[in-house]
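J.: Input: one structure, supplied below.
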Amino acid sequence: MTLEGKDITFAYGKGAPVLDRVNISLSSGERVGLWAPSGRGKTTLCRLLAGYERPRKGQVLLEGRPLFPHEGPCPVQMVWQHPETVLDPLLPLGRSLEETGPADPGLLEQLHIRKEWLRRFPGELSGGELQRFCLARALQPATRFLLCDEITAMLDLVTQAQIWDFLLREAERRSLGLLVVSHSQPLLDRVCTRKISLKE
Amino acid sequence: MKRVNRRFSTLLFLGIAAALLGAVTLAGICLKDAALVTDFSRKDLPPCQGFLFGTDWMGRDMFARTLAGLSLSIRVGLLTAGISACVALVLGVLSAAFGGWVDALISWWIDLVMGTPHILLVILLSIACGKGFTGVVVGVALSHWTSLARVIRGEVLQLKTAPYLLAAEKLGVSRWNRVKLHLLPHLLPQFLTGLILLFPHAILHEASVTFLGFGLSSEQPAVGVILSESMRYLTTGKWWLALFPGAALVLVVVLFALLGERVRLLLDPGSVHE
């Protein structure tokens, strides 16, 4: 299975294009690292590939067919740098987690998610704890590609190691395609099978 | 002595105000028949021990009439504010959720209703519905939803782009569940505050329209009817006929306005921890 972004051009409002005719492809089981200086559109590219934005020109294709509009669980999921923004502050985390079906207890155990956290609200947990919830939620059965937008940038080294260790095992087991966005070259070197950069 | 925090004092105030309004409503219902009893042997009595608010030109107890009138006003206020708030919620959500021509149509409708003189619109709607209880309820309910609808529309427009709502869509959460779990709970504070702040408007407009003769019928002990009738006797020195019902109406309206303001303080994230 292949996820492709073909000739993608995008601009916010009437401003200059953030992305201009960008091509990117990602296959199942592949781990691609995406690197660029700040403000060059890494997050925007992830948002476009996951369907949060529509490109001005170009297309997002899954197995050669346009991915959007898409009904039901999207096979391309995005994990954000700031997990607190994608979890409803008024909903207990257990409810957020099980919105699309019962959570896999094995997955929760591997992510070190404690049972008592399920009753808590997002404002009551740390960024690292919330990021584990976001990963558990994004790794639903229908997911084939995971776009990780600087998901461990704000976490301590131990938590970073735990999360990447889990994610690599899970990607291997399920043959997921990973797009890893990071400013850290050592991380990309260690995690990815291929690296690309967004040039000016 | 331990200082009472603002949250506690607000909750205490809410409890007392709600209990007071509830008591007035219940007392009014119980005194409904007493408010209609005429006895010409005790007519035009000024306030005294037996009749706290005096009696009118037919010997009716003004205390019973005032409470019955307030009770009726509060019930009409609750009903009309409830209908208004529901209309505002539905139209505000529809406007923001669908956008395009639906938004344009609803926004135009809001501007149209807001642009029409308020009391005139209530009177016209009341007359169109045959005046009386139905006329007042329809008139007040269909003319007070606009401001809250605008607030809800703005809130939904903002919520629509919230990352947690977009993420839920990508995760395959159904449209209904997204509305139920992620949209409505966030609208609840605005809705509740708007609903309570609608009460004083609704009560005042009910009384005004009734006072002008386009609202509740004259046999009902409504505050508007009492004030309208007392106008004829004010020049003869019977001040108690207008003073007590008028002051009681102002008190109820102020109480509801303070109640709404305190509820807003409790529900607003910016002030909830004060």
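To be explicit about the labels: the chains of the structure tokens are called A, B, and onward in the order shown, and within each one the residues are counted from 1, while ligands get numbers from 1 in the order they are shown.
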Quick one: residues within 8 Å of Leu121 (chain B), only C-alpha atoms counted, chain neighbours fewer than 5 positions away excluded, as a VMD selection string?
T.: chain B and resid 116 139 143
J.: Create the file for the chosen residues now, containing N, CA and C atoms and written as a PDB file, in the first residue's frame.
T.:
ATOM      1  N   THR B 116     -35.976  45.169  14.019  1.00  0.00           N
ATOM      2  CA  THR B 116     -37.361  45.598  14.263  1.00  0.00           C
ATOM      3  C   THR B 116     -37.484  46.034  15.729  1.00  0.00           C
ATOM      4  N   GLY B 139     -45.224  35.715  21.130  1.00  0.00           N
ATOM      5  CA  GLY B 139     -44.607  37.025  20.886  1.00  0.00           C
ATOM      6  C   GLY B 139     -43.256  37.160  21.558  1.00  0.00           C
ATOM      7  N   SER B 143     -39.160  36.585  19.703  1.00  0.00           N
ATOM      8  CA  SER B 143     -38.473  37.859  19.486  1.00  0.00           C
ATOM      9  C   SER B 143     -37.216  37.995  20.355  1.00  0.00           C
TER      10      SER B 143
END
J.: Region 56-274 of chain B: which residues are helix (DSSP H, G or I) by DSSP, as a ChimeraX atom specification?
T.: /B:62-98,100-115,118-128,132-141,146-160,163-170,175-211,223-234,240-267
J.: Check which residues of chain B sit at most 10 Å from chain A using only C-alpha atoms, and return one row each with the closest pair of atoms and their distance in Å to one decimal, ordered by chain and rising number, as JSON lines.
T.:
{"residue": "B:Thr161", "atom": "CA", "partner": "A:Tyr52", "partner_atom": "CA", "distance": 9.8}
{"residue": "B:Ala162", "atom": "CA", "partner": "A:Thr85", "partner_atom": "CA", "distance": 7.8}
{"residue": "B:Pro163", "atom": "CA", "partner": "A:Val86", "partner_atom": "CA", "distance": 5.0}
{"residue": "B:Tyr164", "atom": "CA", "partner": "A:Val86", "partner_atom": "CA", "distance": 3.8}
{"residue": "B:Leu165", "atom": "CA", "partner": "A:Val86", "partner_atom": "CA", "distance": 7.5}
{"residue": "B:Leu166", "atom": "CA", "partner": "A:Tyr52", "partner_atom": "CA", "distance": 7.2}
{"residue": "B:Ala167", "atom": "CA", "partner": "A:Val86", "partner_atom": "CA", "distance": 6.3}
{"residue": "B:Ala168", "atom": "CA", "partner": "A:Glu99", "partner_atom": "CA", "distance": 8.2}
{"residue": "B:Glu169", "atom": "CA", "partner": "A:Pro73", "partner_atom": "CA", "distance": 7.9}
{"residue": "B:Lys170", "atom": "CA", "partner": "A:Cys74", "partner_atom": "CA", "distance": 5.4}
{"residue": "B:Leu171", "atom": "CA", "partner": "A:Pro73", "partner_atom": "CA", "distance": 4.7}
{"residue": "B:Gly172", "atom": "CA", "partner": "A:Pro73", "partner_atom": "CA", "distance": 3.8}
{"residue": "B:Val173", "atom": "CA", "partner": "A:Thr100", "partner_atom": "CA", "distance": 6.0}
{"residue": "B:Ser174", "atom": "CA", "partner": "A:Gly72", "partner_atom": "CA", "distance": 7.7}
{"residue": "B:Asn177", "atom": "CA", "partner": "A:Glu99", "partner_atom": "CA", "distance": 8.5}
{"residue": "B:Arg178", "atom": "CA", "partner": "A:Glu99", "partner_atom": "CA", "distance": 9.5}
{"residue": "B:Leu181", "atom": "CA", "partner": "A:Leu91", "partner_atom": "CA", "distance": 7.7}
{"residue": "B:His182", "atom": "CA", "partner": "A:Asp88", "partner_atom": "CA", "distance": 6.8}
{"residue": "B:Leu183", "atom": "CA", "partner": "A:Asp88", "partner_atom": "CA", "distance": 9.8}
{"residue": "B:Pro185", "atom": "CA", "partner": "A:Leu90", "partner_atom": "CA", "distance": 7.4}
{"residue": "B:His186", "atom": "CA", "partner": "A:Leu90", "partner_atom": "CA", "distance": 7.7}
J.: I want to know what sits within 6 Å of region 122-128 of chain B, based on only C-alpha atoms, with residues of the same chain fewer than 5 positions away left out; could you give that as a list in words?
T.: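 Contacts, in chain order: Gly135, Val136, Gly139 and Val140 of chain B.
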J.: Pull N, CA, C and O atoms from the residues just selected and write them as a PDB file, in the first residue's frame.
T.:
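Output file again-v9.pdb follows:
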ATOM      1  N   GLY B 135     -50.681  34.321  22.786  1.00  0.00           N
ATOM      2  CA  GLY B 135     -50.112  35.488  22.096  1.00  0.00           C
ATOM      3  C   GLY B 135     -48.843  35.983  22.768  1.00  0.00           C
ATOM      4  O   GLY B 135     -47.834  36.235  22.103  1.00  0.00           O
ATOM      5  N   VAL B 136     -48.890  36.111  24.097  1.00  0.00           N
ATOM      6  CA  VAL B 136     -47.716  36.602  24.838  1.00  0.00           C
ATOM      7  C   VAL B 136     -46.549  35.625  24.702  1.00  0.00           C
ATOM      8  O   VAL B 136     -45.412  36.029  24.420  1.00  0.00           O
ATOM      9  N   GLY B 139     -45.224  35.715  21.130  1.00  0.00           N
ATOM     10  CA  GLY B 139     -44.607  37.025  20.886  1.00  0.00           C
ATOM     11  C   GLY B 139     -43.256  37.160  21.558  1.00  0.00           C
ATOM     12  O   GLY B 139     -42.271  37.537  20.912  1.00  0.00           O
ATOM     13  N   VAL B 140     -43.206  36.838  22.840  1.00  0.00           N
ATOM     14  CA  VAL B 140     -41.944  36.992  23.574  1.00  0.00           C
ATOM     15  C   VAL B 140     -40.928  35.936  23.130  1.00  0.00           C
ATOM     16  O   VAL B 140     -39.751  36.239  22.923  1.00  0.00           O
TER      17      VAL B 140
END
J.: Name the residues in contact with Phe256 (chain B) at a cut-off of 10 Å, using only C-alpha atoms, excluding same-chain residues fewer than 4 positions from it; report them as number ranges by chain.
T.: B: 14, 17-18, 21, 74, 196-201, 203, 250-252, 260-262
J.: Work out how far CA of Leu266 (chain B) is from CA of Leu26 (chain B), in Å to one decimal.
T.: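 About the pair CA of Leu26 (chain B) and CA of Leu266 (chain B): they are 27.0 Å apart.
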J.: Could you tell me, as an NGL selection string, which residues of chain A DSSP assigns to strand (DSSP E or B) when given the backbone?
T.: :A and (2-10 or 19-27 or 31-35 or 57-62 or 65-66 or 76-79 or 145-149 or 177-181 or 194-197)
J.: Let's have the selection written as a short mmCIF file (atom, residue, chain, number, x, y, z; two decimals), in the first residue's frame, with N, CA and C atoms.
T.:
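Printed below is selection.cif as written:
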data_model
loop_
_atom_site.label_atom_id
_atom_site.label_comp_id
_atom_site.auth_asym_id
_atom_site.auth_seq_id
_atom_site.Cartn_x
_atom_site.Cartn_y
_atom_site.Cartn_z
N THR A 2 0.50 2.23 -0.83
CA THR A 2 1.32 3.44 -0.94
C THR A 2 0.48 4.70 -0.70
N LEU A 3 1.06 5.62 0.06
CA LEU A 3 0.44 6.93 0.26
C LEU A 3 1.29 7.95 -0.51
N GLU A 4 0.62 8.72 -1.34
CA GLU A 4 1.36 9.67 -2.18
C GLU A 4 0.78 11.08 -2.08
N GLY A 5 1.67 12.03 -2.05
CA GLY A 5 1.27 13.42 -2.21
C GLY A 5 1.82 13.87 -3.55
N LYS A 6 0.94 14.23 -4.49
CA LYS A 6 1.40 14.53 -5.85
C LYS A 6 1.25 16.00 -6.18
N ASP A 7 2.36 16.64 -6.50
CA ASP A 7 2.38 18.06 -6.92
C ASP A 7 1.56 18.93 -5.98
N ILE A 8 1.77 18.78 -4.70
CA ILE A 8 0.94 19.50 -3.71
C ILE A 8 1.39 20.95 -3.59
N THR A 9 0.44 21.84 -3.80
CA THR A 9 0.67 23.28 -3.59
C THR A 9 -0.36 23.75 -2.57
N PHE A 10 0.12 24.51 -1.59
CA PHE A 10 -0.80 24.96 -0.55
C PHE A 10 -0.38 26.32 -0.01
N LEU A 19 3.78 25.46 0.55
CA LEU A 19 4.30 24.30 -0.18
C LEU A 19 4.02 24.53 -1.66
N ASP A 20 5.04 24.26 -2.49
CA ASP A 20 4.87 24.50 -3.92
C ASP A 20 5.29 23.25 -4.70
N ARG A 21 4.32 22.59 -5.28
CA ARG A 21 4.53 21.37 -6.09
C ARG A 21 5.43 20.35 -5.36
N VAL A 22 5.00 19.96 -4.18
CA VAL A 22 5.75 18.99 -3.39
C VAL A 22 5.27 17.57 -3.72
N ASN A 23 6.22 16.68 -3.91
CA ASN A 23 5.89 15.27 -4.15
C ASN A 23 6.49 14.44 -3.02
N ILE A 24 5.70 13.52 -2.53
CA ILE A 24 6.18 12.65 -1.45
C ILE A 24 5.47 11.31 -1.55
N SER A 25 6.17 10.25 -1.26
CA SER A 25 5.49 8.94 -1.26
C SER A 25 6.00 8.11 -0.09
N LEU A 26 5.11 7.27 0.40
CA LEU A 26 5.39 6.48 1.60
C LEU A 26 4.73 5.12 1.42
N SER A 27 5.50 4.05 1.60
CA SER A 27 4.93 2.71 1.42
C SER A 27 4.74 2.03 2.76
N ARG A 31 9.73 3.69 6.88
CA ARG A 31 9.78 4.74 7.90
C ARG A 31 10.58 5.91 7.32
N VAL A 32 9.85 6.93 6.95
CA VAL A 32 10.47 8.07 6.26
C VAL A 32 10.63 9.23 7.23
N GLY A 33 11.83 9.80 7.26
CA GLY A 33 12.09 10.96 8.11
C GLY A 33 11.94 12.24 7.30
N LEU A 34 11.24 13.21 7.84
CA LEU A 34 11.05 14.48 7.14
C LEU A 34 11.72 15.57 7.95
N TRP A 35 12.62 16.27 7.30
CA TRP A 35 13.39 17.29 8.00
C TRP A 35 13.31 18.60 7.22
N LYS A 57 -3.53 22.84 -5.18
CA LYS A 57 -3.31 22.03 -6.39
C LYS A 57 -2.70 20.72 -5.96
N GLY A 58 -2.82 19.71 -6.81
CA GLY A 58 -2.26 18.41 -6.50
C GLY A 58 -3.24 17.54 -5.74
N GLN A 59 -2.79 16.33 -5.40
CA GLN A 59 -3.70 15.35 -4.80
C GLN A 59 -2.99 14.50 -3.75
N VAL A 60 -3.78 13.96 -2.84
CA VAL A 60 -3.28 12.94 -1.92
C VAL A 60 -3.90 11.62 -2.36
N LEU A 61 -3.05 10.65 -2.67
CA LEU A 61 -3.54 9.38 -3.22
C LEU A 61 -3.17 8.22 -2.31
N LEU A 62 -4.10 7.30 -2.15
CA LEU A 62 -3.83 6.06 -1.43
C LEU A 62 -4.06 4.93 -2.43
N ARG A 65 -5.58 6.08 -5.67
CA ARG A 65 -6.93 6.68 -5.69
C ARG A 65 -6.98 7.85 -4.70
N PRO A 66 -7.73 8.90 -5.06
CA PRO A 66 -7.81 10.04 -4.12
C PRO A 66 -8.30 9.58 -2.75
N VAL A 76 -5.04 7.05 7.26
CA VAL A 76 -3.88 7.90 7.52
C VAL A 76 -4.17 8.72 8.78
N GLN A 77 -3.44 8.45 9.84
CA GLN A 77 -3.66 9.16 11.10
C GLN A 77 -2.45 10.03 11.43
N MET A 78 -2.74 11.13 12.10
CA MET A 78 -1.67 12.05 12.47
C MET A 78 -1.56 12.13 13.99
N VAL A 79 -0.34 12.12 14.49
CA VAL A 79 -0.10 12.35 15.93
C VAL A 79 0.60 13.70 16.03
N PHE A 145 -1.13 4.20 7.86
CA PHE A 145 -0.01 5.15 7.85
C PHE A 145 -0.13 6.08 9.06
N LEU A 146 1.01 6.33 9.70
CA LEU A 146 1.00 7.20 10.88
C LEU A 146 1.97 8.35 10.63
N LEU A 147 1.44 9.57 10.74
CA LEU A 147 2.27 10.74 10.53
C LEU A 147 2.61 11.33 11.89
N CYS A 148 3.87 11.28 12.26
CA CYS A 148 4.29 11.68 13.61
C CYS A 148 4.97 13.05 13.53
N ASP A 149 4.25 14.08 13.94
CA ASP A 149 4.77 15.44 13.81
C ASP A 149 5.45 15.88 15.11
N GLY A 177 3.21 2.33 7.63
CA GLY A 177 4.09 3.33 7.03
C GLY A 177 4.20 4.49 8.00
N LEU A 178 5.43 4.89 8.36
CA LEU A 178 5.61 6.00 9.31
C LEU A 178 6.25 7.20 8.62
N LEU A 179 5.70 8.37 8.85
CA LEU A 179 6.36 9.60 8.43
C LEU A 179 6.76 10.32 9.70
N VAL A 180 8.07 10.42 9.92
CA VAL A 180 8.56 10.98 11.18
C VAL A 180 9.10 12.39 10.93
N VAL A 181 8.44 13.38 11.49
CA VAL A 181 8.89 14.76 11.36
C VAL A 181 9.68 15.12 12.61
N ARG A 194 14.57 5.95 5.52
CA ARG A 194 14.84 6.92 4.44
C ARG A 194 14.58 8.31 4.97
N LYS A 195 15.35 9.31 4.49
CA LYS A 195 15.16 10.68 4.95
C LYS A 195 14.94 11.61 3.76
N ILE A 196 14.03 12.57 3.95
CA ILE A 196 13.84 13.60 2.92
C ILE A 196 13.81 14.95 3.60
N SER A 197 14.12 15.98 2.84
CA SER A 197 14.04 17.33 3.43
C SER A 197 13.23 18.24 2.53
#
J.: Can you work out which one of B:Gly215, B:Gly77, B:Gly15, B:Gly59 has the shortest atom-to-atom distance to Ala35 (chain B), counting only C-alpha atoms?
T.: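 Going through B:Gly215, B:Gly77, B:Gly15, B:Gly59 one by one, the smallest distance to Ala35 (chain B) is for B:Gly59.
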J.: Please provide the set of residues having any atom within 6 Å of Pro92 (chain A), restricted to only C-alpha atoms, with same-chain residues fewer than 5 positions apart removed, written as a PDB file with N, CA, C and O atoms, in the first residue's frame.
T.:
ATOM      1  N   ARG A 119     -10.008   7.651  33.878  1.00  0.00           N
ATOM      2  CA  ARG A 119     -11.091   8.449  34.470  1.00  0.00           C
ATOM      3  C   ARG A 119     -10.734   9.937  34.529  1.00  0.00           C
ATOM      4  O   ARG A 119     -11.558  10.759  34.864  1.00  0.00           O
ATOM      5  N   ARG A 120      -9.496  10.252  34.238  1.00  0.00           N
ATOM      6  CA  ARG A 120      -9.051  11.644  34.372  1.00  0.00           C
ATOM      7  C   ARG A 120      -9.326  12.460  33.110  1.00  0.00           C
ATOM      8  O   ARG A 120      -9.579  11.907  32.045  1.00  0.00           O
ATOM      9  N   PHE A 121      -9.203  13.775  33.285  1.00  0.00           N
ATOM     10  CA  PHE A 121      -9.397  14.692  32.155  1.00  0.00           C
ATOM     11  C   PHE A 121      -8.027  15.132  31.622  1.00  0.00           C
ATOM     12  O   PHE A 121      -7.036  15.078  32.372  1.00  0.00           O
TER      13      PHE A 121
END
J.: So, counting only C-alpha atoms, which residue among B:Val137, B:Ala247, B:Cys129, B:Val263 is closest to Ser73 (chain B)?
T.: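 Checking each candidate against Ser73 (chain B), we get B:Val137 as the closest.
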J.: Figure out the distance between CA of Val254 (chain B) and CA of Trp239 (chain B), please, to one decimal in Å.
T.: 22.3 Å
J.: Pick out the closest residue to Leu198 (chain A) from this set: A:Ala16, A:Leu155, A:Gly39, A:Ser184. Count only C-alpha atoms.
T.: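 Checking each of A:Ala16, A:Leu155, A:Gly39, A:Ser184 against Leu198 (chain A), counting only C-alpha atoms, the winner is A:Gly39.
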